[in-house]
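**Student:** Just so it is clear, I am handing over start31.pdb, which has PDB, C-alpha atoms and all ligand atoms.
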ATOM      1  CA  MET A   1       3.674  -9.282  17.699
ATOM      2  CA  ALA A   2       4.499  -5.646  17.610
ATOM      3  CA  LEU A   3       3.100  -2.486  16.118
ATOM      4  CA  LEU A   4       5.356  -0.935  13.518
ATOM      5  CA  ASN A   5       5.889   2.716  12.736
ATOM      6  CA  ILE A   6       4.266   3.716   9.442
ATOM      7  CA  LEU A   7       6.409   6.083   7.379
ATOM      8  CA  ALA A   8       4.688   9.176   6.033
ATOM      9  CA  TYR A   9       5.352  11.374   3.020
ATOM     10  CA  PRO A  10       7.901  13.006   2.449
ATOM     11  CA  ASP A  11       9.995  10.167   3.926
ATOM     12  CA  LYS A  12      12.440   9.178   1.158
ATOM     13  CA  PHE A  13      12.169   5.473   1.941
ATOM     14  CA  LEU A  14       8.672   5.546   0.408
ATOM     15  CA  ALA A  15      10.278   6.106  -3.014
ATOM     16  CA  LYS A  16      12.387   2.945  -2.705
ATOM     17  CA  LYS A  17      11.759  -0.181  -4.723
ATOM     18  CA  ALA A  18      11.252  -3.402  -2.826
ATOM     19  CA  LYS A  19      13.547  -6.371  -3.380
ATOM     20  CA  THR A  20      12.396  -9.871  -4.230
ATOM     21  CA  VAL A  21      11.881 -12.113  -1.214
ATOM     22  CA  THR A  22      14.093 -15.178  -1.588
ATOM     23  CA  ASN A  23      14.292 -16.466   1.961
ATOM     24  CA  ILE A  24      11.038 -17.403   3.659
ATOM     25  CA  ASP A  25      12.021 -17.874   7.288
ATOM     26  CA  GLY A  26      10.829 -17.100  10.805
ATOM     27  CA  ALA A  27      12.076 -13.525  10.641
ATOM     28  CA  LEU A  28       9.972 -12.934   7.518
ATOM     29  CA  GLN A  29       6.878 -14.476   9.165
ATOM     30  CA  LYS A  30       7.342 -12.102  12.105
ATOM     31  CA  ILE A  31       7.488  -9.077   9.773
ATOM     32  CA  ILE A  32       4.278 -10.303   8.083
ATOM     33  CA  ASP A  33       2.475 -10.781  11.430
ATOM     34  CA  ASP A  34       3.601  -7.341  12.588
ATOM     35  CA  MET A  35       2.448  -5.777   9.300
ATOM     36  CA  VAL A  36      -0.997  -7.383   9.653
ATOM     37  CA  GLU A  37      -1.310  -6.188  13.246
ATOM     38  CA  THR A  38      -0.151  -2.679  12.277
ATOM     39  CA  MET A  39      -2.657  -2.551   9.408
ATOM     40  CA  TYR A  40      -5.609  -3.431  11.693
ATOM     41  CA  ASP A  41      -4.409  -1.045  14.362
ATOM     42  CA  ALA A  42      -4.020   1.931  11.975
ATOM     43  CA  PRO A  43      -6.716   1.040  10.787
ATOM     44  CA  GLY A  44      -6.183   0.549   7.060
ATOM     45  CA  ILE A  45      -7.301  -1.699   4.221
ATOM     46  CA  GLY A  46      -3.777  -2.548   3.158
ATOM     47  CA  LEU A  47      -0.117  -2.083   3.963
ATOM     48  CA  ALA A  48       3.076  -2.569   1.963
ATOM     49  CA  SER A  49       6.490  -3.394   3.457
ATOM     50  CA  ILE A  50       8.038  -0.178   2.101
ATOM     51  CA  GLN A  51       5.631   1.786   4.332
ATOM     52  CA  ILE A  52       7.159   0.282   7.462
ATOM     53  CA  GLY A  53      10.745   0.754   6.291
ATOM     54  CA  CYS A  54      11.299  -2.798   5.064
ATOM     55  CA  ASP A  55      12.476  -3.320   1.494
ATOM     56  CA  LYS A  56      11.335  -6.914   1.099
ATOM     57  CA  SER A  57       8.483  -7.299  -1.367
ATOM     58  CA  ILE A  58       5.428  -7.906   0.868
ATOM     59  CA  ILE A  59       1.867  -6.616   0.852
ATOM     60  CA  VAL A  60      -0.970  -7.358   3.249
ATOM     61  CA  TYR A  61      -4.594  -6.306   2.926
ATOM     62  CA  ASP A  62      -8.071  -7.139   4.077
ATOM     63  CA  LEU A  63     -11.048  -6.247   1.917
ATOM     64  CA  ARG A  64     -13.389  -6.821   4.861
ATOM     65  CA  TYR A  65     -12.131  -3.624   6.440
ATOM     66  CA  GLY A  66     -14.583  -2.464   9.094
ATOM     67  CA  GLU A  67     -16.395  -5.786   9.388
ATOM     68  CA  ASN A  68     -16.072  -8.014  12.418
ATOM     69  CA  GLU A  69     -14.534 -10.920  10.623
ATOM     70  CA  ARG A  70     -10.886 -10.656   9.657
ATOM     71  CA  SER A  71      -9.414 -12.233   6.606
ATOM     72  CA  PRO A  72      -5.890 -10.902   6.035
ATOM     73  CA  GLN A  73      -4.333 -11.585   2.637
ATOM     74  CA  VAL A  74      -0.562 -11.822   2.371
ATOM     75  CA  PHE A  75       1.366 -11.690  -0.904
ATOM     76  CA  LEU A  76       5.109 -11.934  -1.417
ATOM     77  CA  ASN A  77       6.708 -10.593  -4.621
ATOM     78  CA  PRO A  78       3.347  -9.591  -6.154
ATOM     79  CA  LYS A  79       3.466  -8.571  -9.817
ATOM     80  CA  ILE A  80       0.687  -7.291 -12.025
ATOM     81  CA  ILE A  81       0.968  -9.320 -15.211
ATOM     82  CA  GLU A  82      -2.149  -8.097 -16.968
ATOM     83  CA  THR A  83      -4.516  -5.149 -16.718
ATOM     84  CA  SER A  84      -7.713  -4.275 -18.495
ATOM     85  CA  GLY A  85     -10.353  -1.606 -18.492
ATOM     86  CA  GLU A  86     -10.366   1.663 -16.638
ATOM     87  CA  ILE A  87     -11.997   2.679 -13.408
ATOM     88  CA  VAL A  88     -11.772   5.657 -11.055
ATOM     89  CA  SER A  89     -11.167   4.908  -7.405
ATOM     90  CA  GLU A  90     -13.307   7.229  -5.341
ATOM     91  CA  ASN A  91     -11.682   8.968  -2.434
ATOM     92  CA  GLU A  92      -8.554   6.826  -2.391
ATOM     93  CA  GLY A  93      -6.392   7.322   0.674
ATOM     94  CA  CYS A  94      -3.121   6.023   2.098
ATOM     95  CA  LEU A  95      -1.711   5.583   5.608
ATOM     96  CA  SER A  96       1.543   7.174   4.372
ATOM     97  CA  VAL A  97      -0.214  10.210   2.901
ATOM     98  CA  PRO A  98      -2.183  11.705   5.789
ATOM     99  CA  ASP A  99      -4.895  14.329   5.277
ATOM    100  CA  PHE A 100      -5.279  13.648   1.581
ATOM    101  CA  ARG A 101      -7.863  11.827  -0.492
ATOM    102  CA  SER A 102      -8.364  11.801  -4.215
ATOM    103  CA  ASP A 103      -9.998  10.009  -7.082
ATOM    104  CA  VAL A 104      -7.354   8.033  -8.975
ATOM    105  CA  LYS A 105      -7.483   6.435 -12.410
ATOM    106  CA  ARG A 106      -6.904   2.702 -12.084
ATOM    107  CA  SER A 107      -7.300  -0.423 -14.165
ATOM    108  CA  ALA A 108     -10.708  -2.043 -13.719
ATOM    109  CA  SER A 109      -9.251  -5.529 -13.481
ATOM    110  CA  VAL A 110      -5.825  -7.004 -12.922
ATOM    111  CA  ILE A 111      -4.156 -10.376 -12.893
ATOM    112  CA  VAL A 112      -1.525 -10.696 -10.185
ATOM    113  CA  GLU A 113       1.105 -13.345  -9.661
ATOM    114  CA  ALA A 114       2.666 -13.709  -6.231
ATOM    115  CA  LEU A 115       3.719 -16.171  -3.565
ATOM    116  CA  ASP A 116       1.668 -16.834  -0.469
ATOM    117  CA  ARG A 117       3.395 -16.553   2.921
ATOM    118  CA  GLU A 118       4.578 -20.147   2.684
ATOM    119  CA  GLY A 119       6.123 -19.533  -0.729
ATOM    120  CA  LYS A 120       3.460 -21.252  -2.782
ATOM    121  CA  PRO A 121       2.927 -19.545  -6.178
ATOM    122  CA  LEU A 122      -0.520 -18.136  -6.815
ATOM    123  CA  LYS A 123      -2.297 -16.204  -9.497
ATOM    124  CA  ILE A 124      -5.402 -14.154  -8.852
ATOM    125  CA  GLU A 125      -7.789 -12.165 -10.947
ATOM    126  CA  ALA A 126      -9.218  -9.130  -9.212
ATOM    127  CA  GLU A 127     -11.816  -6.587 -10.179
ATOM    128  CA  GLU A 128     -13.074  -3.207  -9.049
ATOM    129  CA  HIS A 129     -12.276  -2.477  -5.387
ATOM    130  CA  HIS A 130     -10.042  -5.545  -5.040
ATOM    131  CA  ALA A 131      -8.123  -4.513  -8.183
ATOM    132  CA  ILE A 132      -7.703  -0.958  -6.861
ATOM    133  CA  VAL A 133      -6.303  -2.180  -3.524
ATOM    134  CA  LEU A 134      -3.822  -4.463  -5.299
ATOM    135  CA  GLN A 135      -2.673  -1.673  -7.630
ATOM    136  CA  HIS A 136      -2.281   0.741  -4.719
ATOM    137  CA  GLU A 137      -0.238  -1.693  -2.604
ATOM    138  CA  ILE A 138       1.914  -2.972  -5.485
ATOM    139  CA  ASP A 139       2.623   0.674  -6.420
ATOM    140  CA  HIS A 140       4.197   1.069  -2.959
ATOM    141  CA  LEU A 141       6.613  -1.778  -3.752
ATOM    142  CA  ASN A 142       7.691   0.203  -6.813
ATOM    143  CA  GLY A 143       8.215   3.396  -4.827
ATOM    144  CA  ILE A 144       5.018   4.975  -6.135
ATOM    145  CA  LEU A 145       2.526   6.805  -3.924
ATOM    146  CA  PHE A 146      -0.987   7.546  -5.104
ATOM    147  CA  ILE A 147      -0.173  11.269  -5.061
ATOM    148  CA  ASN A 148       2.111  10.452  -8.014
ATOM    149  CA  ARG A 149      -1.037   9.484  -9.905
ATOM    150  CA  VAL A 150      -3.085  12.641  -9.343
ATOM    151  CA  SER A 151      -2.893  15.960 -11.211
ATOM    152  CA  THR A 152       0.198  18.131 -10.732
ATOM    153  CA  LEU A 153      -1.960  20.851  -9.233
ATOM    154  CA  LYS A 154      -3.441  18.557  -6.571
ATOM    155  CA  ARG A 155      -0.007  17.149  -5.771
ATOM    156  CA  GLU A 156       1.568  20.592  -5.413
ATOM    157  CA  LEU A 157      -1.231  21.716  -3.101
ATOM    158  CA  TYR A 158      -0.650  18.670  -0.930
ATOM    159  CA  LYS A 159       3.131  19.205  -0.869
ATOM    160  CA  ARG A 160       2.589  22.802   0.210
ATOM    161  CA  HIS A 161       0.206  21.667   2.956
ATOM    162  CA  ILE A 162       2.780  19.165   4.275
ATOM    163  CA  LYS A 163       5.622  21.698   4.148
ATOM    164  CA  LYS A 164       3.545  24.125   6.161
ATOM    165  CA  GLN A 165       2.750  21.453   8.709
ATOM    166  CA  LEU A 166       6.378  20.380   9.076
ATOM    167  CA  LYS A 167       7.336  24.020   9.657
ATOM    168  CA  GLN A 168       4.673  24.356  12.336
ATOM    169  CA  ASP A 169       5.949  21.205  14.043
ATOM    170  CA  ASP A 170       9.446  22.705  14.153
ATOM    171  CA  ASN A 171       8.295  25.803  16.038
TER     172      ASN A 171
HETATM  173 NI    NI B   1      -0.886   3.318   0.650
END
Before we go any further, please render this structure as structure tokens.
**Tutor:**
Amino acid sequence: MALLNILAYPDKFLAKKAKTVTNIDGALQKIIDDMVETMYDAPGIGLASIQIGCDKSIIVYDLRYGENERSPQVFLNPKIIETSGEIVSENEGCLSVPDFRSDVKRSASVIVEALDREGKPLKIEAEEHHAIVLQHEIDHLNGILFINRVSTLKRELYKRHIKKQLKQDDN
């Protein structure tokens, strides 16, 4: 297994849409294993393929973040097929958006269809924190970062902060 480089905003790849996985082979399993390892190493609750520069539709996450026991979830081609209710995620963050946290409006519950890592179809209903994590990671597969879901003012402040930092790094 290997640790992968996590892309950070404003990397343009983060705005890409992931493509449907059609071929479940050894190379794909290696990407999944590397994504899981990279997620735990970061550490983060979830990681989407787009964040590591891969355009295959894959997300991994572990809701037991911070606990001793690990239980990584792997979904291929995840799609939200139903949403209901409204909830505000408190202090949402993202490995690709360093130094920024914000409350984000999300659906309170979602139904997601996906394939597991062996290609078996599955359908899950998720609520609250689980629903937020799924929405955040599936957004990545559609080229959407959570800063696209905050107020224009907050987003512009963050963009300015990043620009300043990039300039400092150049000097
Ligand atoms: Ni993220």
**Student:** On this file, the PyMOL selection byres (((chain A and resi 32) around 9) and not hetatm) gives some set of residues; write that set as a list in words.
**Tutor:**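 The output of the PyMOL selection byres (((chain A and resi 32) around 9) and not hetatm) on this file is Ala27, Leu28, Gln29, Lys30, Ile31, Asp33, Asp34, Met35, Val36, Glu37, Ser49, Ile58, Ile59, Val60, Val74 and Arg117 of chain A.
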**Student:** Translate the PyMOL selection byres (((chain A and resi 103) around 10) and not hetatm) into a concrete residue list for this structure, as a ChimeraX atom specification.
**Tutor:** /A:87-93,101-102,104-106,146,149-150
**Student:** Mind giving me the straight-line distance from atom CA of Thr83 of chain A to atom CA of Ser96 of chain A in Å, one decimal?
**Tutor:** 25.2 Å
**Student:** Any chance you could resolve the PyMOL selection byres (((chain A and resi 130) around 12) and not hetatm) against this file and give the residues as a count of residues only?
**Tutor:** 30
**Student:** Considering only C-alpha atoms, can you say which of A:Leu95, A:Ala42, A:Leu76, A:Ile147 comes closest to Leu7 of chain A?
**Tutor:**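 Among the listed residues, the smallest separation from Leu7 of chain A belongs to A:Leu95.
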**Student:** Between A:Gly66, A:Pro43, A:Pro78, A:Pro72, which has the minimum distance to Gly119 of chain A (counting all atoms listed in the file)?
**Tutor:**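 Nearest candidate to Gly119 of chain A out of A:Gly66, A:Pro43, A:Pro78, A:Pro72: A:Pro78.
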**Student:** For Asn142 of chain A, work out the shell of residues within 8 Å, counting all atoms listed in the file and skipping chain neighbours fewer than 2 positions away, then give it as a ChimeraX atom specification.
**Tutor:** /A:15-18,138-140,144
**Student:** Can you work out which one of A:Ile80, A:Glu67, A:Val97, A:Asn5 has the shortest atom-to-atom distance to ligand NI 1 (chain B), counting all atoms listed in the file?
**Tutor:**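 The shortest atom-to-atom distance to ligand NI 1 (chain B) comes from A:Val97.
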**Student:** Could you check the closest approach to ligand NI 1 (chain B) for each of A:Ile162, A:Cys94, A:Ala114, A:Asp170 and tell me which residue wins, using only C-alpha atoms and all ligand atoms?
**Tutor:**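 Nearest to ligand NI 1 (chain B): A:Cys94.
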**Student:** By how many Å are atom CA of Leu145 of chain A and atom CA of His161 of chain A apart?
**Tutor:**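 Atom CA of Leu145 of chain A sits 16.5 Å away from atom CA of His161 of chain A.
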**Student:** For Leu14 of chain A, which of A:Asp41, A:Glu113, A:Asp55, A:Glu82 is the closest residue, counting all atoms listed in the file?
**Tutor:** A:Asp55
**Student:** Between atom CA of Thr22 of chain A and atom CA of Asn77 of chain A, what is the distance in Å, rounded to a tenth?
**Tutor:**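 For atom CA of Thr22 of chain A relative to atom CA of Asn77 of chain A, the distance reads 9.2 Å.
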**Student:** Taking all atoms listed in the file into account, which of A:Asp116, A:Ala2, A:Ser71, A:Leu141 comes nearest ligand NI 1 (chain B)?
**Tutor:**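 Using all atoms listed in the file, ligand NI 1 (chain B) sits closest to A:Leu141.
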**Student:** Give the padded box for segment 34-50 of chain A as lines of an AutoDock Vina configuration file: axis-aligned, covering all atoms listed in the file, 3 Å on each side, centre and edge lengths in Å to one decimal.
**Tutor:**
center_x = 0.4
center_y = -2.7
center_z = 8.2
size_x = 21.3
size_y = 15.3
size_z = 18.4
